[in-house]
Structures are given as structure tokens and as C-alpha cells.
$ cat coords28.cif   # mmCIF, C-alpha atoms
data_protein
loop_
_atom_site.label_atom_id
_atom_site.label_comp_id
_atom_site.auth_asym_id
_atom_site.auth_seq_id
_atom_site.Cartn_x
_atom_site.Cartn_y
_atom_site.Cartn_z
CA MET A 1 0.00 0.00 0.00
CA ARG A 2 2.68 2.43 1.16
CA ARG A 3 5.11 1.34 -1.53
CA SER A 4 2.57 1.51 -4.31
CA SER A 5 1.60 5.08 -3.37
CA ARG A 6 5.29 6.06 -3.34
CA GLY A 7 5.61 4.58 -6.83
CA MET A 8 2.63 6.59 -7.91
CA ILE A 9 4.19 9.80 -6.58
CA ILE A 10 7.39 9.03 -8.49
CA THR A 11 5.42 8.32 -11.66
CA ALA A 12 3.39 11.50 -11.28
CA SER A 13 6.52 13.60 -10.71
CA ALA A 14 8.17 12.01 -13.75
CA LEU A 15 5.12 12.87 -15.83
CA VAL A 16 5.13 16.48 -14.59
CA ILE A 17 8.86 16.77 -15.30
CA CYS A 18 8.38 15.41 -18.82
CA PHE A 19 5.54 17.86 -19.36
CA CYS A 20 7.72 20.76 -18.17
CA ALA A 21 10.61 19.63 -20.37
CA LEU A 22 8.27 19.53 -23.35
CA LEU A 23 7.15 23.08 -22.55
CA MET A 24 10.73 24.31 -22.20
CA MET A 25 11.48 22.90 -25.64
CA MET A 26 8.41 24.63 -27.02
CA PHE A 27 9.74 27.96 -25.77
CA ASP A 28 12.75 27.58 -28.04
CA TYR A 29 10.61 26.56 -30.95
CA HIS A 30 9.37 29.81 -32.37
CA GLY A 31 9.98 29.82 -36.09
CA ALA A 32 7.51 27.45 -37.66
CA ARG A 33 4.74 28.23 -35.21
CA GLU A 34 4.61 31.93 -35.98
CA GLU A 35 4.95 31.25 -39.67
CA ALA A 36 1.89 29.00 -39.71
CA GLY A 37 -0.10 31.51 -37.69
CA ALA A 38 1.01 34.36 -39.92
CA ALA A 39 -0.16 32.47 -43.00
CA TYR A 40 -3.60 31.97 -41.47
CA ILE A 41 -3.82 35.63 -40.45
CA GLU A 42 -2.68 36.82 -43.86
CA ARG A 43 -4.85 34.62 -46.04
CA GLY A 44 -7.66 33.54 -43.72
CA THR A 45 -10.20 36.23 -44.54
CA ILE A 46 -9.36 36.27 -48.24
CA ASP A 47 -9.71 32.49 -48.56
CA THR A 48 -12.78 31.98 -46.43
CA GLY A 49 -14.49 35.37 -46.10
CA ALA A 50 -14.98 34.92 -42.35
CA ALA A 51 -13.94 37.80 -40.09
CA ASN A 52 -13.44 35.43 -37.18
CA LEU A 53 -10.19 33.65 -38.02
CA VAL A 54 -10.75 30.93 -35.45
CA SER A 55 -13.99 29.90 -37.18
CA ALA A 56 -12.19 30.18 -40.49
CA ILE A 57 -9.70 27.59 -39.24
CA TYR A 58 -11.98 25.11 -37.55
CA LEU A 59 -14.80 25.24 -40.11
CA ASN A 60 -12.80 25.64 -43.28
CA TYR A 61 -9.10 24.79 -43.19
CA ARG A 62 -9.44 22.08 -40.56
CA LEU A 63 -13.01 21.01 -41.13
CA PHE A 64 -11.93 17.38 -41.02
CA ASP A 65 -10.83 17.75 -37.37
CA THR A 66 -14.11 19.41 -36.51
CA LEU A 67 -16.10 16.61 -38.14
CA LEU A 68 -14.34 14.06 -35.96
CA GLU A 69 -14.87 16.31 -32.95
CA ILE A 70 -18.61 16.33 -33.66
CA LEU A 71 -18.46 12.54 -33.96
CA VAL A 72 -16.79 12.34 -30.52
CA PHE A 73 -19.54 14.52 -29.08
CA SER A 74 -22.23 12.36 -30.70
CA VAL A 75 -20.62 9.18 -29.41
CA ALA A 76 -20.57 10.66 -25.91
CA VAL A 77 -24.28 11.53 -26.12
CA LEU A 78 -24.96 8.04 -27.47
CA GLY A 79 -22.90 6.48 -24.66
CA VAL A 80 -24.72 8.42 -21.96
CA ARG A 81 -28.06 7.39 -23.42
CA PHE A 82 -27.06 3.75 -23.96
CA TYR A 83 -25.59 3.10 -20.52
CA LEU A 84 -28.34 4.92 -18.69
CA LEU A 85 -31.01 3.00 -20.62
CA GLU A 86 -29.07 -0.20 -19.92
CA ARG A 87 -29.20 0.65 -16.24
CA GLY A 88 -32.98 0.55 -16.59
CA LYS A 89 -35.08 1.68 -13.69
CA GLU A 90 -35.89 5.32 -13.92
CA GLU A 91 -36.35 7.17 -10.72
CA VAL A 92 -39.33 9.36 -10.17
CA VAL A 93 -37.99 12.87 -10.40
CA ALA A 94 -38.53 14.48 -7.04
CA GLU A 95 -40.71 17.54 -7.21
CA ILE A 96 -38.71 20.65 -6.53
CA PRO A 97 -40.55 22.92 -4.14
CA GLU A 98 -41.82 25.80 -6.21
CA SER A 99 -39.73 28.87 -5.60
CA GLN A 100 -41.05 32.21 -6.74
CA VAL A 101 -37.54 33.67 -7.01
CA VAL A 102 -36.24 30.91 -9.30
CA ARG A 103 -39.45 30.89 -11.34
CA THR A 104 -39.47 34.65 -11.91
CA SER A 105 -35.78 34.84 -12.74
CA ALA A 106 -36.13 31.90 -15.13
CA ASP A 107 -39.02 33.66 -16.88
CA LEU A 108 -36.89 36.78 -17.20
CA LEU A 109 -33.62 35.13 -18.16
CA LEU A 110 -34.69 32.28 -20.45
CA PRO A 111 -35.57 34.44 -23.50
CA LEU A 112 -32.34 36.39 -23.07
CA ILE A 113 -30.24 33.22 -22.79
CA LEU A 114 -31.88 31.67 -25.85
CA LEU A 115 -31.42 34.92 -27.76
CA LEU A 116 -27.75 35.00 -26.80
CA GLY A 117 -27.36 31.40 -27.94
CA ILE A 118 -28.97 32.16 -31.32
CA TYR A 119 -26.84 35.28 -31.71
CA LEU A 120 -23.64 33.36 -30.95
CA VAL A 121 -24.58 30.73 -33.55
CA LEU A 122 -25.62 33.14 -36.31
CA PHE A 123 -22.71 35.56 -35.87
CA GLY A 124 -20.07 32.91 -35.25
CA HIS A 125 -18.20 33.86 -38.41
CA LEU A 126 -18.11 37.58 -37.54
CA SER A 127 -17.57 37.74 -33.79
CA PRO A 128 -16.59 35.42 -30.95
CA GLY A 129 -18.96 32.48 -30.79
CA GLY A 130 -19.96 29.68 -33.09
CA GLY A 131 -22.00 26.53 -33.09
CA PHE A 132 -20.44 24.85 -30.07
CA SER A 133 -20.63 27.78 -27.67
CA GLY A 134 -24.03 28.97 -28.90
CA GLY A 135 -25.53 25.50 -28.61
CA THR A 136 -24.16 25.06 -25.11
CA VAL A 137 -25.51 28.46 -24.01
CA ALA A 138 -28.99 27.63 -25.32
CA GLY A 139 -28.86 24.15 -23.76
CA THR A 140 -27.90 25.66 -20.42
CA GLY A 141 -30.93 27.94 -20.73
CA LEU A 142 -33.06 24.81 -20.89
CA LEU A 143 -31.29 23.56 -17.73
CA LEU A 144 -32.42 26.76 -15.99
CA CYS A 145 -35.93 26.06 -17.24
CA ALA A 146 -35.68 22.51 -15.88
CA VAL A 147 -34.61 23.83 -12.47
CA ALA A 148 -37.54 26.24 -12.39
CA LEU A 149 -40.31 24.03 -13.78
CA GLY A 150 -39.06 20.49 -13.17
CA ALA A 151 -37.25 18.41 -15.78
CA ASP A 152 -40.24 16.26 -16.66
CA VAL A 153 -42.41 19.28 -17.46
CA VAL A 154 -39.76 20.58 -19.86
CA GLY A 155 -39.17 17.08 -21.24
CA ARG A 156 -42.86 16.67 -22.02
CA ARG A 157 -42.81 19.80 -24.16
CA PHE A 158 -40.48 18.01 -26.57
CA HIS A 159 -41.30 14.74 -28.23
CA GLU A 160 -38.14 12.89 -27.27
CA PRO A 161 -37.96 10.25 -30.06
CA THR A 162 -38.42 12.96 -32.69
CA LEU A 163 -35.77 15.08 -30.98
CA GLU A 164 -33.30 12.19 -31.00
CA ARG A 165 -34.04 11.37 -34.63
CA PHE A 166 -33.63 15.04 -35.48
CA GLU A 167 -30.25 15.06 -33.73
CA TRP A 168 -28.99 12.20 -35.87
CA GLY A 169 -30.50 13.83 -38.95
CA VAL A 170 -28.50 16.97 -38.24
CA LEU A 171 -25.33 14.90 -37.86
CA LEU A 172 -26.07 13.23 -41.20
CA ALA A 173 -26.66 16.64 -42.77
CA ILE A 174 -23.27 17.86 -41.54
CA LEU A 175 -21.51 14.81 -42.95
CA LEU A 176 -23.41 15.01 -46.26
CA LEU A 177 -22.63 18.72 -46.55
CA ALA A 178 -18.96 17.90 -46.09
CA LEU A 179 -19.11 15.09 -48.67
CA PHE A 180 -21.32 16.93 -51.19
CA PRO A 181 -18.45 18.46 -53.24
CA ALA A 182 -17.45 14.91 -54.21
CA VAL A 183 -20.65 14.72 -56.29
CA LEU A 184 -19.42 17.69 -58.32
CA ARG A 185 -16.07 15.98 -58.82
CA ARG A 186 -14.36 18.27 -56.36
CA LEU A 187 -12.41 17.18 -53.31
CA PRO A 188 -14.59 16.50 -50.25
CA LEU A 189 -14.66 19.31 -47.66
CA THR A 190 -14.21 21.94 -50.38
CA ASP A 191 -16.16 25.12 -49.73
CA LEU A 192 -18.47 25.59 -52.71
CA LEU A 193 -20.05 28.89 -51.70
CA SER A 194 -18.22 32.12 -52.44
CA PRO A 195 -16.53 33.92 -49.53
CA GLY A 196 -18.69 36.99 -49.92
CA ARG A 197 -17.98 40.44 -48.55
CA VAL A 198 -16.03 40.19 -45.29
CA GLY A 199 -18.05 41.47 -42.35
CA SER A 200 -21.51 41.11 -43.87
CA MET A 201 -24.02 38.64 -42.48
CA VAL A 202 -23.95 36.37 -45.54
CA SER A 203 -20.25 35.76 -45.86
CA GLY A 204 -17.76 33.10 -45.04
CA GLY A 205 -19.07 30.51 -47.49
CA SER A 206 -20.47 27.43 -45.76
CA ILE A 207 -19.29 28.48 -42.29
CA LEU A 208 -22.70 29.92 -41.41
CA ILE A 209 -24.47 26.68 -42.43
CA TYR A 210 -22.05 24.55 -40.45
CA ASN A 211 -22.43 26.84 -37.43
CA VAL A 212 -26.23 26.56 -37.50
CA LEU A 213 -26.12 22.76 -37.89
CA ILE A 214 -23.53 22.32 -35.15
CA GLY A 215 -25.48 24.70 -32.91
CA VAL A 216 -28.66 22.63 -33.28
CA LYS A 217 -26.71 19.42 -32.73
CA VAL A 218 -24.98 20.66 -29.57
CA PHE A 219 -28.23 22.18 -28.25
CA ILE A 220 -30.09 18.88 -28.58
CA GLY A 221 -27.11 16.88 -27.32
CA THR A 222 -26.75 19.05 -24.21
CA TRP A 223 -30.44 18.75 -23.45
CA VAL A 224 -30.43 14.96 -23.97
CA ILE A 225 -27.45 14.54 -21.60
CA ILE A 226 -29.04 16.78 -18.95
CA HIS A 227 -32.41 15.08 -19.21
CA TYR A 228 -31.05 11.54 -19.04
CA PHE A 229 -28.94 12.38 -16.01
CA VAL A 230 -31.89 14.00 -14.24
CA ARG A 231 -34.23 11.14 -15.10
CA HIS A 232 -31.89 8.45 -13.84
CA ARG A 233 -30.60 10.26 -10.84
CA GLY A 234 -34.02 11.24 -9.60
CA GLU A 235 -33.19 14.85 -8.87
CA ILE A 236 -31.42 17.81 -10.39
CA MET B 1 10.01 36.91 -18.64
CA ALA B 2 8.14 37.07 -15.36
CA LEU B 3 8.30 33.93 -13.26
CA ILE B 4 4.56 33.87 -12.65
CA ASN B 5 2.88 33.73 -16.02
CA GLY B 6 0.20 31.64 -17.63
CA VAL B 7 2.52 28.77 -18.48
CA THR B 8 3.94 28.30 -14.96
CA ILE B 9 0.47 28.50 -13.45
CA ALA B 10 -0.65 25.93 -16.01
CA ILE B 11 2.25 23.64 -15.02
CA VAL B 12 1.37 23.93 -11.32
CA LEU B 13 -2.31 23.27 -12.01
CA PHE B 14 -1.39 20.31 -14.21
CA GLY B 15 0.74 18.87 -11.40
CA ILE B 16 -2.04 19.33 -8.82
CA GLY B 17 -4.56 17.75 -11.17
CA LEU B 18 -2.29 14.82 -11.97
CA LEU B 19 -1.54 14.18 -8.31
CA GLY B 20 -5.24 14.32 -7.51
CA LEU B 21 -5.97 11.97 -10.39
CA ILE B 22 -3.46 9.42 -9.10
CA LEU B 23 -3.54 9.77 -5.33
CA ARG B 24 -7.15 10.52 -4.41
CA ARG B 25 -9.35 7.47 -4.03
CA ASP B 26 -12.71 9.07 -4.63
CA LEU B 27 -13.86 8.62 -8.22
CA VAL B 28 -15.72 11.94 -8.40
CA ILE B 29 -12.68 13.82 -7.13
CA LYS B 30 -10.60 11.97 -9.72
CA LEU B 31 -12.93 13.35 -12.40
CA LEU B 32 -12.66 16.86 -10.97
CA ALA B 33 -8.87 16.51 -11.08
CA LEU B 34 -9.16 15.41 -14.72
CA GLY B 35 -11.09 18.60 -15.37
CA LEU B 36 -8.31 20.58 -13.69
CA VAL B 37 -5.72 18.91 -15.94
CA ASN B 38 -7.80 19.82 -18.97
CA GLY B 39 -8.18 23.40 -17.80
CA SER B 40 -4.44 23.71 -17.26
CA THR B 41 -3.79 22.41 -20.77
CA ILE B 42 -6.13 25.03 -22.20
CA LEU B 43 -4.47 27.76 -20.12
CA CYS B 44 -1.07 26.61 -21.37
CA LEU B 45 -2.14 26.62 -25.03
CA VAL B 46 -3.69 30.07 -24.76
CA SER B 47 -0.92 31.71 -22.75
CA LEU B 48 1.87 30.27 -24.91
CA ASN B 49 0.45 32.32 -27.76
CA ALA B 50 -0.57 35.40 -25.83
CA ARG B 51 1.04 38.64 -26.97
CA VAL B 52 1.11 41.81 -24.94
CA ASP B 53 0.19 43.99 -27.90
CA GLY B 54 -1.96 41.45 -29.72
CA VAL B 55 -5.72 41.43 -30.18
CA ALA B 56 -8.17 38.60 -30.69
CA PRO B 57 -7.95 37.17 -34.22
CA ILE B 58 -11.17 38.76 -35.47
CA VAL B 59 -10.53 40.93 -38.44
CA HIS B 60 -11.64 44.54 -38.25
CA PHE B 61 -10.55 46.67 -41.15
CA PRO B 62 -8.08 48.34 -41.21
CA ALA B 63 -5.79 45.95 -39.37
CA SER B 64 -3.23 48.03 -37.50
CA VAL B 65 -2.43 45.86 -34.47
CA PRO B 66 -1.02 42.35 -34.73
CA TYR B 67 -3.41 39.47 -34.19
CA VAL B 68 -2.56 36.55 -31.96
CA ASP B 69 -2.10 33.18 -33.61
CA PRO B 70 -5.62 31.78 -34.20
CA LEU B 71 -4.54 28.14 -34.56
CA PRO B 72 -4.23 27.27 -30.83
CA HIS B 73 -7.65 28.83 -30.21
CA ALA B 74 -9.16 26.40 -32.69
CA LEU B 75 -7.36 23.54 -30.89
CA VAL B 76 -8.68 24.74 -27.54
CA LEU B 77 -12.20 24.43 -28.92
CA SER B 78 -11.64 20.74 -29.63
CA ALA B 79 -10.11 20.28 -26.18
CA ILE B 80 -13.16 21.79 -24.47
CA VAL B 81 -15.67 19.72 -26.43
CA ILE B 82 -13.78 16.47 -25.91
CA ASN B 83 -13.32 17.17 -22.21
CA PHE B 84 -17.07 17.69 -21.94
CA ALA B 85 -17.71 14.41 -23.74
CA ILE B 86 -15.26 12.47 -21.55
CA LEU B 87 -16.66 13.94 -18.33
CA ALA B 88 -20.25 13.11 -19.28
CA LEU B 89 -19.39 9.51 -20.16
CA ALA B 90 -17.18 9.02 -17.10
CA LEU B 91 -19.91 10.35 -14.81
CA VAL B 92 -22.29 7.73 -16.21
CA PHE B 93 -19.74 4.99 -15.46
CA VAL B 94 -19.31 6.35 -11.93
CA MET B 95 -23.09 6.27 -11.51
CA LEU B 96 -23.16 2.62 -12.60
CA LEU B 97 -20.28 1.69 -10.26
CA VAL B 98 -21.90 3.47 -7.32
CA GLU B 99 -25.14 1.66 -8.05
CA ARG B 100 -23.42 -1.72 -7.92
CA TYR B 101 -20.88 -1.23 -5.14
CA HIS B 102 -22.45 1.61 -3.12
CA THR B 103 -19.20 3.54 -2.83
CA THR B 104 -17.15 5.99 -4.86
CA ASP B 105 -13.90 4.75 -3.32
CA SER B 106 -11.86 3.24 -6.13
CA GLN B 107 -9.83 0.93 -3.88
CA ARG B 108 -12.89 -0.53 -2.18
CA ILE B 109 -14.40 -1.14 -5.61
CA GLU B 110 -11.23 -2.90 -6.73
CA HIS B 111 -11.18 -5.04 -3.60
CA GLU B 112 -14.80 -6.00 -4.10
CA ILE B 113 -14.18 -6.93 -7.71
CA LYS B 114 -11.27 -9.18 -6.68
CA GLY B 115 -13.46 -10.64 -3.96
CA GLU B 116 -11.03 -9.71 -1.20
CA ARG B 117 -11.90 -8.61 2.29
CA ILE B 118 -12.21 -4.87 2.49
CA PRO B 119 -9.41 -3.53 4.67
#
$ encode --input "coords28.cif" --output "C-alpha cells"
Amino acid sequence: MRRSSRGMIITASALVICFCALLMMMFDYHGAREEAGAAYIERGTIDTGAANLVSAIYLNYRLFDTLLEILVFSVAVLGVRFYLLERGKEEVVAEIPESQVVRTSADLLLPLILLLGIYLVLFGHLSPGGGFSGGTVAGTGLLLCAVALGADVVGRRFHEPTLERFEWGVLLAILLLALFPAVLRRLPLTDLLSPGRVGSMVSGGSILIYNVLIGVKVFIGTWVIIHYFVRHRGEI
Amino acid sequence: MALINGVTIAIVLFGIGLLGLILRRDLVIKLLALGLVNGSTILCLVSLNARVDGVAPIVHFPASVPYVDPLPHALVLSAIVINFAILALALVFVMLLVERYHTTDSQRIEHEIKGERIP
């Protein structure tokens, strides 16, 4: 027992030292890194038409990474659902005593939170934001709603099987959108739409479409995870 | 370069998180430590590319100030999403383990799995 914990401390220190050594080496390594960044900064808006260079990278230059990232997210949602359904027995969600303060603040804040989520999704190519953050913000708004009204009341508003089918439909749409250029004998993941005028609402090629699809996907995924946890834990 | 900057804080946080991940026996605290490790990684990626005179890489014409490198920010996005996915899945597994063994103590769970007497 004692010896094994000493071994663990040694292993942990070795890992930390290796991590630090890696960082020290990265400090010396300046050239290529700045060059790559400079190329993105120089050509990013011209190539993609998006004012937000981070979106330009993760939804245009490195779309392939983002597709796999969405797959990881979907697999996580699927895993949560699968293992919690496997566990069976749902608990009756305990009624939260109605609180006027929570209820009133939820009524006030929910429209604002949803609006912020939609804004982050729609303007992801022009300002900070994007599908992932906007979807999470909107999903968290639903969590607030679930705290105020009870998760089952919110869950009943949605038809869950349709919601889940819709989630997978959105994932399919993202993948098909990425593969669609292959039909036109172009390389997959090519952006077919024109970059447009930088800074206007309709610009950035397909980035806006991807942002909306990812936003819907993350919104539904967040809500599904929250709802399954609440349903199987019995309380929020 | 100042001794206390984002990278050194990230290293310290990483160490704390790693120690917590290895030494603490409670599964939930292990997951919290994993979150700390992830947060320190993000802090490291962001602060390695921070520039004193730089602005966020969102183009406003005319560009007069240098932008920071946008590439690590895109990587941080993946890191956040994948951390979220891992935490959600791991919490489900912890729920299943707690249901079966009625404890979040990893060593007790291991002892029970091996069928040994719990010390």
C-alpha cells in the first residue's frame, strides 16, 4: 500500500517533469509556429471570407478535425443514453418545491439566454462564438428552465424520439454537406459557396451553415445529456 | 520573462490535477482533477500564444495591431468539447459503479471486484 503510493508519486513527478521539459522545448521553438499563424492571419479572410479567423480555421481549413470532434460529441451523447437505458429503472424525479424567485428569474432570463445562444450561432463567423458555444448556451438555458419548472415538465414539451431522430439527422446533414463536393467531382470538404464580402451577415461561405447545424446538434445533445442524467438520478 | 505567467500557473495546475488523479481514491474527485488537468492544458495553449500587444484574431478593417495566432484557439475548442464528452461519459460509469458497489472509493471497488476482504 505504502510502496505503491510512493511509486505513484514518483510516476506523477516524472510525468510532470516530462511535461515541463516539453514546454521548455516549445519555448525555443518559435519559427515554424509563428509562420503557420502568420499564413492563417494573412490569407484567412481572403480564402474563407470569415472575419473570425478561429472559425475560419476550424470550419474551413481544418473542417476534417471538426467533423471528428462532432463525432466524438455524438458518441458521448450516445454512450450516456445507452448506458443509462441499460441501467434501466428510472427514478421518479422528485418535485422541486416551487420557488417564486427561481421561477421569476427563469421567466426573465430564459428568453435572453436563448437569444444570446442564437446570436452566438448566427454571428459565429463575424464575432466570438460559433456553433459549439451557442448551442451550449442555449442548452444551459433549458437547464435553468428545468430547475424552475421540473425536468419532466420541460421534457414533455419536446417529443423525445423525434428530438433524437432530429439530432442524428443533423449529424447526417453535416456529414453530407462535407461530402457533397465529391458529387461535383471536387475534393470533399471543399467550400463551394463564395466567400462573400467580409463582415456582412452572408459571408464566409459554408461556415454559417455549419455553425447553424452544429449549434442545433450541440443544443439537442446538451439537453439529452441533462435530461437523461436528471431522469436516472431522480433529482437535479 | 516574469516567473509567474500563464505557463507556470498551467504547469502547477497540471501537477495538482495529476496528483489528484493518481492519489485521491474518490472517483468523483478523480474526475474533478481530470477537469483541472484539462483546464491547465487550455491555459497553457492560450498563454503560450498570448502577446502583450496582440488582439483577438477577429478581423476589423483596417488591421493596425497584430493578431494573436488563431490556430491554438481552434485547438482549444476541440479540447473543451472532448473534455465535456469524456466527463459526461465518465460520470455515467461512476453512476453505474456506485449503483453496484455503493461507494465511490476506487480501492474498495477494486477489492470487491477481486473478492477480497475490504481492509
$ closest_atom_pairs --input "coords28.cif" --of "chain A" --to "chain B" --cutoff "8 Å" --atoms "all atoms listed in the file" --output "Markdown table"
| residue | atom | partner | partner_atom | distance |
| --- | --- | --- | --- | --- |
| A:Ser5 | CA | B:Leu23 | CA | 7.2 |
| A:Met8 | CA | B:Ile22 | CA | 6.8 |
| A:Ile9 | CA | B:Leu19 | CA | 7.4 |
| A:Ala12 | CA | B:Leu19 | CA | 6.3 |
| A:Ser13 | CA | B:Gly15 | CA | 7.9 |
| A:Val16 | CA | B:Gly15 | CA | 5.9 |
| A:Phe19 | CA | B:Ile11 | CA | 7.9 |
| A:Cys20 | CA | B:Ile11 | CA | 6.9 |
| A:Glu34 | CA | B:Asp69 | CA | 7.2 |
| A:Gly37 | CA | B:Asp69 | CA | 4.8 |
| A:Ala38 | CA | B:Asp69 | CA | 7.1 |
| A:Tyr40 | CA | B:Pro70 | CA | 7.5 |
| A:Ile41 | CA | B:Tyr67 | CA | 7.4 |
| A:Thr45 | CA | B:Val59 | CA | 7.7 |
| A:Ala51 | CA | B:Val59 | CA | 4.9 |
| A:Asn52 | CA | B:Ile58 | CA | 4.4 |
| A:Leu53 | CA | B:Pro57 | CA | 5.6 |
| A:Val54 | CA | B:Pro70 | CA | 5.3 |
| A:Ser55 | CA | B:Ala74 | CA | 7.5 |
| A:Ile57 | CA | B:Ala74 | CA | 6.7 |
| A:Tyr58 | CA | B:Ala74 | CA | 5.8 |
| A:Thr66 | CA | B:Ser78 | CA | 7.4 |
| A:Glu69 | CA | B:Ser78 | CA | 6.4 |
| A:Val72 | CA | B:Ile82 | CA | 6.9 |
| A:Phe73 | CA | B:Ala85 | CA | 5.6 |
| A:Ala76 | CA | B:Ala85 | CA | 5.2 |
| A:Val77 | CA | B:Ala85 | CA | 7.6 |
| A:Gly79 | CA | B:Leu89 | CA | 6.5 |
| A:Val80 | CA | B:Leu89 | CA | 5.7 |
| A:Tyr83 | CA | B:Val92 | CA | 7.1 |
| A:Leu84 | CA | B:Val92 | CA | 7.1 |
| A:Arg87 | CA | B:Leu96 | CA | 7.3 |
| A:Leu126 | CA | B:Ile58 | CA | 7.3 |
| A:Ser127 | CA | B:Ile58 | CA | 6.7 |
| A:Pro128 | CA | B:Ile58 | CA | 7.8 |
| A:Phe132 | CA | B:Val81 | CA | 7.9 |
| A:Ile225 | CA | B:Ala88 | CA | 7.7 |
$ closest_residue --input "coords28.cif" --among "B:Val65, B:Val52, B:Ile29, B:Ile9" --to "Val94 in chain B" --atoms "all atoms listed in the file"
B:Ile29
$ residues_around --input "coords28.cif" --residues "range 102-116 of chain B" --least-positions-apart "2" --cutoff "6 Å" --atoms "only C-alpha atoms" --output "list in words"
Arg25, Asp26, Leu27, Val98, Glu99 and Arg100 of chain B
$ closest_residue --input "coords28.cif" --among "B:Val55, B:Ala50, B:Val76, B:Leu3" --to "Asn38 in chain B" --atoms "only C-alpha atoms"
B:Val76
$ atom_distance --input "coords28.cif" --atom1 "CA of Glu167 in chain A" --atom2 "CA of Lys217 in chain A"
5.7 Å
$ residues_around --input "coords28.cif" --residues "Gly117 in chain A" --least-positions-apart "2" --cutoff "8 Å" --atoms "all atoms listed in the file" --output "PDB file with C-alpha atoms, in the coordinates of the input"
ATOM      1  CA  ILE A 113     -30.240  33.220 -22.790  1.00  0.00           C
ATOM      2  CA  LEU A 114     -31.880  31.670 -25.850  1.00  0.00           C
ATOM      3  CA  LEU A 115     -31.420  34.920 -27.760  1.00  0.00           C
ATOM      4  CA  TYR A 119     -26.840  35.280 -31.710  1.00  0.00           C
ATOM      5  CA  LEU A 120     -23.640  33.360 -30.950  1.00  0.00           C
ATOM      6  CA  VAL A 121     -24.580  30.730 -33.550  1.00  0.00           C
ATOM      7  CA  SER A 133     -20.630  27.780 -27.670  1.00  0.00           C
ATOM      8  CA  GLY A 134     -24.030  28.970 -28.900  1.00  0.00           C
ATOM      9  CA  GLY A 135     -25.530  25.500 -28.610  1.00  0.00           C
ATOM     10  CA  THR A 136     -24.160  25.060 -25.110  1.00  0.00           C
ATOM     11  CA  VAL A 137     -25.510  28.460 -24.010  1.00  0.00           C
ATOM     12  CA  ALA A 138     -28.990  27.630 -25.320  1.00  0.00           C
TER      13      ALA A 138
END
$ resolve_selection --input "coords28.cif" --expression "the PyMOL selection byres ((chain A and resi 46) around 12)" --output "JSON list (two decimals) with C-alpha atoms, in the coordinates of the input"
[["chain", "number", "residue", "atom", "x", "y", "z"],
["A", 39, "ALA", "CA", -0.16, 32.47, -43.00],
["A", 40, "TYR", "CA", -3.60, 31.97, -41.47],
["A", 41, "ILE", "CA", -3.82, 35.63, -40.45],
["A", 42, "GLU", "CA", -2.68, 36.82, -43.86],
["A", 43, "ARG", "CA", -4.85, 34.62, -46.04],
["A", 44, "GLY", "CA", -7.66, 33.54, -43.72],
["A", 45, "THR", "CA", -10.20, 36.23, -44.54],
["A", 47, "ASP", "CA", -9.71, 32.49, -48.56],
["A", 48, "THR", "CA", -12.78, 31.98, -46.43],
["A", 49, "GLY", "CA", -14.49, 35.37, -46.10],
["A", 50, "ALA", "CA", -14.98, 34.92, -42.35],
["A", 51, "ALA", "CA", -13.94, 37.80, -40.09],
["A", 52, "ASN", "CA", -13.44, 35.43, -37.18],
["A", 53, "LEU", "CA", -10.19, 33.65, -38.02],
["A", 56, "ALA", "CA", -12.19, 30.18, -40.49],
["A", 194, "SER", "CA", -18.22, 32.12, -52.44],
["A", 195, "PRO", "CA", -16.53, 33.92, -49.53],
["A", 196, "GLY", "CA", -18.69, 36.99, -49.92],
["A", 197, "ARG", "CA", -17.98, 40.44, -48.55],
["A", 198, "VAL", "CA", -16.03, 40.19, -45.29],
["A", 199, "GLY", "CA", -18.05, 41.47, -42.35],
["A", 203, "SER", "CA", -20.25, 35.76, -45.86],
["A", 204, "GLY", "CA", -17.76, 33.10, -45.04],
["A", 205, "GLY", "CA", -19.07, 30.51, -47.49],
["B", 59, "VAL", "CA", -10.53, 40.93, -38.44]]
$ atom_distance --input "coords28.cif" --atom1 "CA of Ile214 in chain A" --atom2 "CA of Leu171 in chain A"
8.1 Å
$ atom_distance --input "coords28.cif" --atom1 "CA of Met201 in chain A" --atom2 "CA of Gly124 in chain A"
10.0 Å
$ resolve_selection --input "coords28.cif" --expression "the PyMOL selection byres ((chain B and resi 40) around 6)" --output "VMD selection string"
chain B and resid 10 13 to 14 37 to 39 41 to 43
$ resolve_selection --input "coords28.cif" --expression "the PyMOL selection byres ((chain A and resi 189) around 8)" --output "PyMOL selection string"
chain A and resi 60+63-64+178-181+187-188+190-191
$ closest_residue --input "coords28.cif" --among "A:Leu78, A:Leu122, A:Ile226, A:Val183" --to "Ala146 in chain A" --atoms "all atoms listed in the file"
A:Ile226
